[in-house]
Amino acid sequence: MSENLHTPEGKDPVLWRTAQKRASFKRHLATYLIINIFLWLLWVFTDYRTYNSGLPWPLWATLGWGIGLFFNYLGAYKTNYSVEKEYDKLKQNQSKL
């Protein structure tokens, strides 16, 4: 992990961090899908016939982890957009003064 803290020579540090965040999100998404598919298959092949009342137990892992995945997505793909949008607002307010 310590090698990820340093920007390789000749690389733009901002773009490098953005690329790292996006690569991290894609790994997180792949792990989420694999584990959740496994959990749902486990439920289907073992439990669901005897557990007909209420919600299936894998739903809680899927939803809880999905919330974390959503925030990871926002950090990887939407942060730069938000910063640029706020910068543009501040620039417009400054020009009005």
# chains A, B, ... in the order shown; residues from 1 in each chain; ligands from 1

call {"tool": "residues_around", "arguments": {"residues": "segment 8-25 of chain A", "least_positions_apart": "3", "cutoff": "8 Å", "atoms": "only C-alpha atoms", "output": "ChimeraX atom specification"}}
result
/A:4,28-29,69,72-73,75-77

call {"tool": "write_last_selection", "arguments": {"atoms": "C-alpha atoms", "output": "PDB file, in the first residue's frame"}}
result
ATOM      1  CA  ASN A   4       0.385   3.859  -3.793  1.00  0.00           C
ATOM      2  CA  HIS A  28     -14.426  -3.018  -4.614  1.00  0.00           C
ATOM      3  CA  LEU A  29     -17.302  -3.512  -7.096  1.00  0.00           C
ATOM      4  CA  LEU A  69     -20.019   0.863  -2.352  1.00  0.00           C
ATOM      5  CA  ASN A  72     -16.916   4.663  -2.711  1.00  0.00           C
ATOM      6  CA  TYR A  73     -18.358   5.395  -6.177  1.00  0.00           C
ATOM      7  CA  GLY A  75     -15.511   9.445  -3.976  1.00  0.00           C
ATOM      8  CA  ALA A  76     -14.037   7.930  -7.123  1.00  0.00           C
ATOM      9  CA  TYR A  77     -16.191   9.518  -9.812  1.00  0.00           C
TER      10      TYR A  77
END

call {"tool": "residues_around", "arguments": {"residues": "segment 58-67 of chain A", "least_positions_apart": "3", "cutoff": "9 Å", "atoms": "only C-alpha atoms", "output": "number ranges by chain"}}
result
A: 32, 36, 39-40, 42-43, 55, 70-72

call {"tool": "write_last_selection", "arguments": {"atoms": "N, CA, C and O atoms", "output": "JSON list (two decimals), in the first residue's frame"}}
result
[["chain", "number", "residue", "atom", "x", "y", "z"],
["A", 32, "TYR", "N", -17.59, -7.01, -4.29],
["A", 32, "TYR", "CA", -19.00, -6.93, -3.88],
["A", 32, "TYR", "C", -19.86, -7.90, -4.68],
["A", 32, "TYR", "O", -20.65, -8.65, -4.11],
["A", 36, "ASN", "N", -21.49, -11.22, -2.98],
["A", 36, "ASN", "CA", -22.95, -11.21, -2.87],
["A", 36, "ASN", "C", -23.59, -12.30, -3.71],
["A", 36, "ASN", "O", -24.58, -12.90, -3.30],
["A", 39, "LEU", "N", -23.24, -15.32, -1.55],
["A", 39, "LEU", "CA", -24.18, -15.32, -0.43],
["A", 39, "LEU", "C", -25.60, -15.67, -0.88],
["A", 39, "LEU", "O", -26.30, -16.44, -0.23],
["A", 40, "TRP", "N", -26.03, -15.11, -2.01],
["A", 40, "TRP", "CA", -27.37, -15.40, -2.51],
["A", 40, "TRP", "C", -27.49, -16.85, -2.97],
["A", 40, "TRP", "O", -28.52, -17.49, -2.73],
["A", 42, "LEU", "N", -25.74, -19.33, -1.76],
["A", 42, "LEU", "CA", -25.74, -20.09, -0.52],
["A", 42, "LEU", "C", -27.14, -20.11, 0.08],
["A", 42, "LEU", "O", -27.64, -21.16, 0.51],
["A", 43, "TRP", "N", -27.79, -18.98, 0.09],
["A", 43, "TRP", "CA", -29.15, -18.89, 0.61],
["A", 43, "TRP", "C", -30.12, -19.74, -0.21],
["A", 43, "TRP", "O", -30.93, -20.47, 0.35],
["A", 55, "LEU", "N", -37.66, -11.37, 5.33],
["A", 55, "LEU", "CA", -36.71, -11.04, 4.28],
["A", 55, "LEU", "C", -35.55, -12.03, 4.27],
["A", 55, "LEU", "O", -35.12, -12.50, 5.33],
["A", 70, "PHE", "N", -21.67, 2.61, -2.74],
["A", 70, "PHE", "CA", -22.18, 3.85, -3.31],
["A", 70, "PHE", "C", -21.30, 5.04, -2.93],
["A", 70, "PHE", "O", -20.95, 5.87, -3.79],
["A", 71, "PHE", "N", -20.92, 5.12, -1.66],
["A", 71, "PHE", "CA", -20.05, 6.21, -1.23],
["A", 71, "PHE", "C", -18.66, 6.09, -1.84],
["A", 71, "PHE", "O", -18.02, 7.11, -2.15],
["A", 72, "ASN", "N", -18.19, 4.87, -2.04],
["A", 72, "ASN", "CA", -16.92, 4.66, -2.71],
["A", 72, "ASN", "C", -16.99, 5.16, -4.16],
["A", 72, "ASN", "O", -16.07, 5.80, -4.67]]

call {"tool": "select_by_dssp", "arguments": {"residues": "chain A", "states": "alpha helix (DSSP H)", "output": "ChimeraX atom specification"}}
result
/A:13-46,58-73,79-96

call {"tool": "atom_distance", "arguments": {"atom1": "atom CA of Ile35 of chain A", "atom2": "atom CA of Lys78 of chain A"}}
result
25.4 Å

call {"tool": "atom_distance", "arguments": {"atom1": "atom CA of Ala30 of chain A", "atom2": "atom CA of Thr79 of chain A"}}
result
21.2 Å

call {"tool": "atom_distance", "arguments": {"atom1": "atom CA of Gly68 of chain A", "atom2": "atom CA of Ile34 of chain A"}}
result
15.7 Å

call {"tool": "decode", "arguments": {"residues": "segment 59-72 of chain A", "atoms": "all heavy atoms", "output": "tab-separated table (two decimals), in the first residue's frame"}}
result
chain	number	residue	atom	x	y	z
A	59	LEU	N	-29.98	-10.22	1.99
A	59	LEU	CA	-30.40	-8.86	1.66
A	59	LEU	C	-29.70	-7.83	2.55
A	59	LEU	O	-29.32	-6.75	2.07
A	59	LEU	CB	-31.91	-8.74	1.81
A	59	LEU	CG	-32.52	-7.38	1.48
A	59	LEU	CD1	-32.31	-7.07	0.00
A	59	LEU	CD2	-33.99	-7.38	1.82
A	60	TRP	N	-29.49	-8.15	3.82
A	60	TRP	CA	-28.87	-7.20	4.74
A	60	TRP	C	-27.42	-6.94	4.35
A	60	TRP	O	-26.96	-5.79	4.40
A	60	TRP	CB	-28.97	-7.70	6.17
A	60	TRP	CG	-30.41	-7.91	6.55
A	60	TRP	CD1	-31.03	-9.10	6.80
A	60	TRP	CD2	-31.43	-6.91	6.63
A	60	TRP	NE1	-32.37	-8.88	7.05
A	60	TRP	CE2	-32.65	-7.55	6.96
A	60	TRP	CE3	-31.44	-5.52	6.47
A	60	TRP	CZ2	-33.84	-6.86	7.12
A	60	TRP	CZ3	-32.64	-4.84	6.63
A	60	TRP	CH2	-33.82	-5.51	6.95
A	61	ALA	N	-26.70	-7.97	3.97
A	61	ALA	CA	-25.31	-7.78	3.54
A	61	ALA	C	-25.26	-6.99	2.24
A	61	ALA	O	-24.43	-6.09	2.07
A	61	ALA	CB	-24.63	-9.12	3.37
A	62	THR	N	-26.17	-7.32	1.32
A	62	THR	CA	-26.20	-6.63	0.03
A	62	THR	C	-26.51	-5.15	0.20
A	62	THR	O	-25.84	-4.30	-0.39
A	62	THR	CB	-27.25	-7.30	-0.90
A	62	THR	OG1	-26.92	-8.68	-1.06
A	62	THR	CG2	-27.30	-6.62	-2.25
A	63	LEU	N	-27.50	-4.84	1.01
A	63	LEU	CA	-27.86	-3.43	1.21
A	63	LEU	C	-26.80	-2.66	2.00
A	63	LEU	O	-26.43	-1.55	1.63
A	63	LEU	CB	-29.21	-3.33	1.93
A	63	LEU	CG	-30.43	-3.73	1.12
A	63	LEU	CD1	-31.68	-3.68	1.99
A	63	LEU	CD2	-30.60	-2.86	-0.10
A	64	GLY	N	-26.33	-3.24	3.08
A	64	GLY	CA	-25.33	-2.56	3.91
A	64	GLY	C	-24.05	-2.30	3.15
A	64	GLY	O	-23.52	-1.18	3.16
A	65	TRP	N	-23.55	-3.31	2.48
A	65	TRP	CA	-22.32	-3.16	1.72
A	65	TRP	C	-22.57	-2.26	0.51
A	65	TRP	O	-21.70	-1.49	0.10
A	65	TRP	CB	-21.85	-4.53	1.28
A	65	TRP	CG	-20.45	-4.61	0.77
A	65	TRP	CD1	-19.59	-3.59	0.46
A	65	TRP	CD2	-19.74	-5.81	0.49
A	65	TRP	NE1	-18.41	-4.09	0.01
A	65	TRP	CE2	-18.47	-5.46	0.03
A	65	TRP	CE3	-20.06	-7.16	0.60
A	65	TRP	CZ2	-17.52	-6.40	-0.34
A	65	TRP	CZ3	-19.13	-8.09	0.23
A	65	TRP	CH2	-17.86	-7.71	-0.23
A	66	GLY	N	-23.77	-2.33	-0.05
A	66	GLY	CA	-24.12	-1.48	-1.19
A	66	GLY	C	-24.05	0.00	-0.86
A	66	GLY	O	-23.65	0.82	-1.68
A	67	ILE	N	-24.41	0.35	0.36
A	67	ILE	CA	-24.30	1.75	0.79
A	67	ILE	C	-22.84	2.18	0.79
A	67	ILE	O	-22.50	3.26	0.30
A	67	ILE	CB	-24.95	1.94	2.18
A	67	ILE	CG1	-26.46	1.76	2.08
A	67	ILE	CG2	-24.61	3.30	2.77
A	67	ILE	CD1	-27.17	1.65	3.42
A	68	GLY	N	-21.98	1.35	1.34
A	68	GLY	CA	-20.55	1.65	1.33
A	68	GLY	C	-20.00	1.74	-0.08
A	68	GLY	O	-19.19	2.62	-0.40
A	69	LEU	N	-20.44	0.85	-0.95
A	69	LEU	CA	-20.02	0.86	-2.35
A	69	LEU	C	-20.47	2.15	-3.04
A	69	LEU	O	-19.72	2.75	-3.83
A	69	LEU	CB	-20.58	-0.36	-3.08
A	69	LEU	CG	-20.13	-0.57	-4.50
A	69	LEU	CD1	-18.64	-0.89	-4.56
A	69	LEU	CD2	-20.92	-1.69	-5.14
A	70	PHE	N	-21.67	2.61	-2.74
A	70	PHE	CA	-22.18	3.85	-3.31
A	70	PHE	C	-21.30	5.04	-2.93
A	70	PHE	O	-20.95	5.87	-3.79
A	70	PHE	CB	-23.63	4.09	-2.85
A	70	PHE	CG	-24.19	5.41	-3.28
A	70	PHE	CD1	-24.53	5.64	-4.60
A	70	PHE	CD2	-24.37	6.42	-2.35
A	70	PHE	CE1	-25.04	6.88	-5.00
A	70	PHE	CE2	-24.89	7.65	-2.74
A	70	PHE	CZ	-25.22	7.87	-4.07
A	71	PHE	N	-20.92	5.12	-1.66
A	71	PHE	CA	-20.05	6.21	-1.23
A	71	PHE	C	-18.66	6.09	-1.84
A	71	PHE	O	-18.02	7.11	-2.15
A	71	PHE	CB	-19.99	6.30	0.29
A	71	PHE	CG	-21.22	6.92	0.87
A	71	PHE	CD1	-22.12	6.15	1.59
A	71	PHE	CD2	-21.49	8.26	0.69
A	71	PHE	CE1	-23.27	6.72	2.12
A	71	PHE	CE2	-22.64	8.84	1.21
A	71	PHE	CZ	-23.54	8.06	1.93
A	72	ASN	N	-18.19	4.87	-2.04
A	72	ASN	CA	-16.92	4.66	-2.71
A	72	ASN	C	-16.99	5.16	-4.16
A	72	ASN	O	-16.07	5.80	-4.67
A	72	ASN	CB	-16.55	3.19	-2.66
A	72	ASN	CG	-15.15	2.88	-3.12
A	72	ASN	OD1	-14.94	1.92	-3.83
A	72	ASN	ND2	-14.18	3.67	-2.71
